[in-house]
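Participant: Have a peek at query-v9.csv (CSV, C-alpha atoms).
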```
chain,number,residue,atom,x,y,z
Z,21,GLN,CA,2.6,17.9,1.1
Z,22,VAL,CA,2.8,14.7,3.1
Z,23,ARG,CA,5.9,12.6,2.4
Z,24,VAL,CA,6.2,8.8,2.8
Z,25,THR,CA,9.3,6.7,3.5
Z,26,GLU,CA,9.4,3.0,3.1
Z,27,THR,CA,11.6,0.4,4.9
Z,28,GLY,CA,11.8,-3.3,4.6
Z,29,GLY,CA,11.5,-5.6,1.7
Z,30,GLY,CA,14.0,-8.1,0.4
Z,31,SER,CA,14.2,-11.6,-1.0
Z,32,VAL,CA,12.6,-14.8,0.1
Z,33,GLU,CA,11.8,-18.3,-1.2
Z,34,ALA,CA,8.2,-19.2,-2.3
Z,35,GLY,CA,6.0,-19.6,0.7
Z,36,GLY,CA,8.0,-17.2,2.9
Z,37,SER,CA,7.1,-13.9,4.5
Z,38,LEU,CA,8.3,-10.4,4.3
Z,39,SER,CA,7.1,-7.0,5.6
Z,40,VAL,CA,7.3,-3.4,4.6
Z,41,SER,CA,6.7,-0.4,6.7
Z,42,CYS,CA,5.8,3.1,5.6
Z,43,ALA,CA,6.0,6.3,7.6
Z,44,ALA,CA,4.2,9.5,6.7
Z,45,SER,CA,5.3,13.0,7.6
Z,46,ALA,CA,2.8,14.9,9.9
Z,47,PRO,CA,0.3,16.4,9.7
Z,48,THR,CA,-2.4,14.1,8.3
Z,49,PHE,CA,-5.9,15.1,7.4
Z,50,SER,CA,-9.4,13.8,8.1
Z,51,ASP,CA,-9.8,11.4,5.2
Z,52,PHE,CA,-6.2,10.3,5.3
Z,53,ALA,CA,-5.3,6.8,4.1
Z,54,MET,CA,-2.2,4.9,3.3
Z,55,GLY,CA,-1.6,1.9,1.1
Z,56,TRP,CA,0.5,0.2,-1.5
Z,57,PHE,CA,0.7,-0.5,-5.1
Z,58,ARG,CA,3.2,-2.7,-6.9
Z,59,ARG,CA,4.8,-2.8,-10.3
Z,60,ALA,CA,6.3,-6.0,-11.7
Z,61,PRO,CA,8.8,-5.9,-14.6
Z,62,GLY,CA,7.0,-5.3,-17.9
Z,63,LYS,CA,3.6,-4.8,-16.2
Z,64,GLY,CA,1.5,-1.9,-15.2
Z,65,ARG,CA,0.6,-0.7,-11.7
Z,66,GLU,CA,-1.4,-3.0,-9.5
Z,67,TRP,CA,-3.0,-1.9,-6.3
Z,68,VAL,CA,-2.3,-4.1,-3.3
Z,69,GLY,CA,-4.4,-2.6,-0.5
Z,70,PHE,CA,-5.0,0.4,1.7
Z,71,THR,CA,-6.2,1.4,5.1
Z,72,THR,CA,-8.1,4.4,6.3
Z,73,TRP,CA,-7.4,6.6,9.3
Z,74,ASN,CA,-10.9,7.9,9.8
Z,75,ASP,CA,-12.9,4.7,10.1
Z,76,GLU,CA,-10.0,2.3,10.3
Z,77,ARG,CA,-11.0,0.1,7.5
Z,78,THR,CA,-8.7,-1.9,5.3
Z,79,TYR,CA,-9.2,-3.1,1.7
Z,80,TYR,CA,-7.2,-5.6,-0.3
Z,81,ALA,CA,-6.9,-6.6,-4.0
Z,82,ASP,CA,-8.2,-10.1,-4.7
Z,83,SER,CA,-4.7,-11.2,-5.7
Z,84,VAL,CA,-3.4,-10.7,-2.1
Z,85,LYS,CA,-6.5,-11.2,0.0
Z,86,GLY,CA,-5.9,-13.7,2.8
Z,87,ARG,CA,-2.1,-13.6,2.4
Z,88,PHE,CA,-1.3,-9.9,3.0
Z,89,THR,CA,-2.2,-7.9,6.0
Z,90,ILE,CA,-2.1,-4.1,6.4
Z,91,THR,CA,-2.0,-2.6,9.8
Z,92,ARG,CA,-1.8,1.1,10.9
Z,93,ASP,CA,-0.5,3.1,13.9
Z,94,THR,CA,-2.4,6.3,13.7
Z,95,SER,CA,-0.4,7.9,16.6
Z,96,GLU,CA,2.9,7.3,14.6
Z,97,ASN,CA,1.4,7.9,11.1
Z,98,THR,CA,2.8,4.6,10.0
Z,99,ALA,CA,1.4,1.6,8.1
Z,100,HIS,CA,2.8,-1.9,7.8
Z,101,LEU,CA,2.3,-4.5,5.1
Z,102,GLN,CA,2.9,-8.0,6.2
Z,103,MET,CA,3.2,-10.5,3.3
Z,104,ASN,CA,2.8,-14.2,4.0
Z,105,GLY,CA,2.7,-17.1,1.6
Z,106,LEU,CA,4.7,-15.1,-1.0
Z,107,GLN,CA,4.8,-16.5,-4.5
Z,108,PRO,CA,7.1,-15.7,-7.5
Z,109,GLU,CA,4.2,-13.7,-9.0
Z,110,ASP,CA,4.4,-11.3,-6.1
Z,111,THR,CA,7.9,-10.2,-7.2
Z,112,ALA,CA,7.7,-6.5,-7.9
Z,113,ALA,CA,8.7,-3.1,-6.6
Z,114,TYR,CA,6.2,-2.1,-3.9
Z,115,TYR,CA,5.4,1.6,-3.5
Z,116,CYS,CA,3.8,3.1,-0.4
Z,117,VAL,CA,1.2,5.8,-1.0
Z,118,ALA,CA,-0.5,8.4,1.1
Z,119,GLY,CA,-3.7,10.1,0.1
Z,120,SER,CA,-7.4,10.5,0.7
Z,121,GLU,CA,-10.3,8.1,0.8
Z,122,VAL,CA,-12.9,9.6,-1.6
Z,123,GLU,CA,-16.3,8.8,-2.9
Z,124,TYR,CA,-15.0,8.2,-6.4
Z,125,CYS,CA,-11.7,8.6,-8.1
Z,126,SER,CA,-10.7,8.0,-11.7
Z,127,GLY,CA,-7.4,8.5,-13.6
Z,128,ASP,CA,-3.7,8.0,-12.9
Z,129,GLU,CA,-3.9,9.8,-9.6
Z,130,CYS,CA,-6.0,7.0,-8.1
Z,131,LEU,CA,-4.9,3.9,-6.3
Z,132,THR,CA,-8.4,2.5,-6.7
Z,133,ASN,CA,-11.7,4.2,-7.4
Z,134,ARG,CA,-11.9,5.1,-3.7
Z,135,PHE,CA,-8.4,6.4,-3.1
Z,136,ARG,CA,-6.8,9.5,-4.5
Z,137,ILE,CA,-3.0,9.4,-4.2
Z,138,ARG,CA,-1.2,12.5,-2.9
Z,139,SER,CA,2.3,11.2,-2.6
Z,140,TRP,CA,4.3,8.0,-2.9
Z,141,GLY,CA,7.6,6.6,-1.8
Z,142,ARG,CA,10.6,5.5,-3.8
Z,143,GLY,CA,9.6,1.9,-3.7
Z,144,THR,CA,11.1,-1.2,-2.2
Z,145,GLN,CA,11.9,-4.4,-4.1
Z,146,ILE,CA,10.3,-7.7,-3.2
Z,147,THR,CA,11.7,-10.8,-4.9
Z,148,VAL,CA,10.3,-14.3,-4.5
Z,149,SER,CA,12.2,-17.3,-5.8
Z,150,LEU,CA,11.1,-20.8,-6.3
```
For the file at hand, write its structure as structure tokens.

Facilitator:
Amino acid sequence: QVRVTETGGGSVEAGGSLSVSCAASAPTFSDFAMGWFRRAPGKGREWVGFTTWNDERTYYADSVKGRFTITRDTSENTAHLQMNGLQPEDTAAYYCVAGSEVEYCSGDECLTNRFRIRSWGRGTQITVSL
């Protein structure tokens, strides 16, 4: 089973930037994808975005589109989440996930309806203050 390890995160004032990286253990598979979800205190899981290895596409939740950028290094099996223009509502624990891009996914095992989660990291805290 693929394992993922996160690094980065921290605290910043509103408008600032932070980044998180995620490394996946080898080997990957043909429909491999990596992404993030976040969980704020008292709230449910919210997907942030994901990127695919096969066709190198990236998708974002509307709440972060235009502010967050996900990049990948397929040779190193790593993905990076660059977060700019952070706001207090972005405060959450951010979890890296590895999985598969699929035609359709439903249920708790899904990051979105196109991403089936196979493993996730321990999470890293992002705190944004006013």

Participant: State, in Å with one decimal place, the distance from atom CA of Z:Thr94 to atom CA of Z:Tyr80.

Facilitator: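 Value for the atom CA of Z:Thr94-atom CA of Z:Tyr80 distance: 19.0 Å.
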
Participant: Atom CA of Z:Val32 and atom CA of Z:Pro108 are how many Å apart?

Facilitator: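 Result for atom CA of Z:Val32 versus atom CA of Z:Pro108: 9.4 Å, one decimal.
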
Participant: Do you know which residues lie at most 8 Å from (-8.5, 7.3, -4.9), with coordinates as in the file and all atoms listed in the file counted, and could you write them as number ranges by chain?

Facilitator: Z: 119-122, 124-126, 129-137

Participant: Using all atoms listed in the file for the distances, tell me which of Z:Asp128, Z:Glu109, Z:Glu123, Z:Glu76 is nearest to Z:Met54.

Facilitator: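 Ranking Z:Asp128, Z:Glu109, Z:Glu123, Z:Glu76 by distance to Z:Met54, first place goes to Z:Glu76.
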
Participant: Just want the 10 Å neighbourhood of Z:Ser83, counted on all atoms listed in the file, with same-chain residues fewer than 6 positions away dropped. Output as a list in words.

Facilitator: Glu66, Trp67, Val68, Glu109 and Asp110 of chain Z

Participant: Just how far from atom CA of Z:Asp93 is atom CA of Z:Ala43, in Å to one decimal?

Facilitator: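 Separation between atom CA of Z:Ala43 and atom CA of Z:Asp93: 9.6 Å.
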
Participant: Do a neighbour search on Z:Gln21 at 9 Å with all atoms listed in the file, toss out local chain neighbours closer than 5 positions, and write the hits as an MDAnalysis selection string.

Facilitator: chainID Z and resid 45 138:139

Participant: Extract, using only C-alpha atoms, all DNA, RNA and protein residues at most 9 Å from Z:Thr89, discarding same-chain residues fewer than 4 positions from it, and format them as a compact mmCIF listing (two decimals) with C-alpha atoms, in the coordinates of the input.

Facilitator:
```txt
# COMPACT_ATOMS: atom_id res chain seq x y z
CA GLY Z 69 -4.40 -2.60 -0.50
CA THR Z 78 -8.70 -1.90 5.30
CA TYR Z 80 -7.20 -5.60 -0.30
CA VAL Z 84 -3.40 -10.70 -2.10
CA LYS Z 85 -6.50 -11.20 0.00
CA HIS Z 100 2.80 -1.90 7.80
CA LEU Z 101 2.30 -4.50 5.10
CA GLN Z 102 2.90 -8.00 6.20
CA MET Z 103 3.20 -10.50 3.30
CA ASN Z 104 2.80 -14.20 4.00
```

Participant: Within 6 Å of Z:Ser31, counting only C-alpha atoms, which residues qualify if same-chain residues fewer than 3 places away don't, as JSON, numbers by chain?

Facilitator: {"Z": [146, 147, 148]}

Participant: From the set Z:Thr91, Z:Gln107, Z:Ala44, Z:Ser39, which residue has the shortest atom-to-atom contact distance to Z:Phe70, counting all atoms listed in the file?

Facilitator: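 Under the stated criterion, the closest residue is Z:Thr91.
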
Participant: Write out as a PyMOL selection string the residues lying within 9 Å of Z:Cys116, counting all atoms listed in the file and excluding same-chain residues fewer than 2 positions away.

Facilitator: chain Z and resi 24-26+40-43+54-58+99+114+118+139-144

Participant: For Z:Thr72, which of Z:Ala112, Z:Glu33, Z:Leu106, Z:Phe49 is the closest residue, counting only C-alpha atoms?

Facilitator: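 So, comparing all the options, the nearest one is Z:Phe49.
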
Participant: Under the rule that all atoms listed in the file are counted, which of Z:Glu96, Z:Gly64, Z:Trp73, Z:Gly127 is the nearest residue to Z:Asp51?

Facilitator: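 When distances to Z:Asp51 are compared using all atoms listed in the file, the smallest one comes from Z:Trp73.
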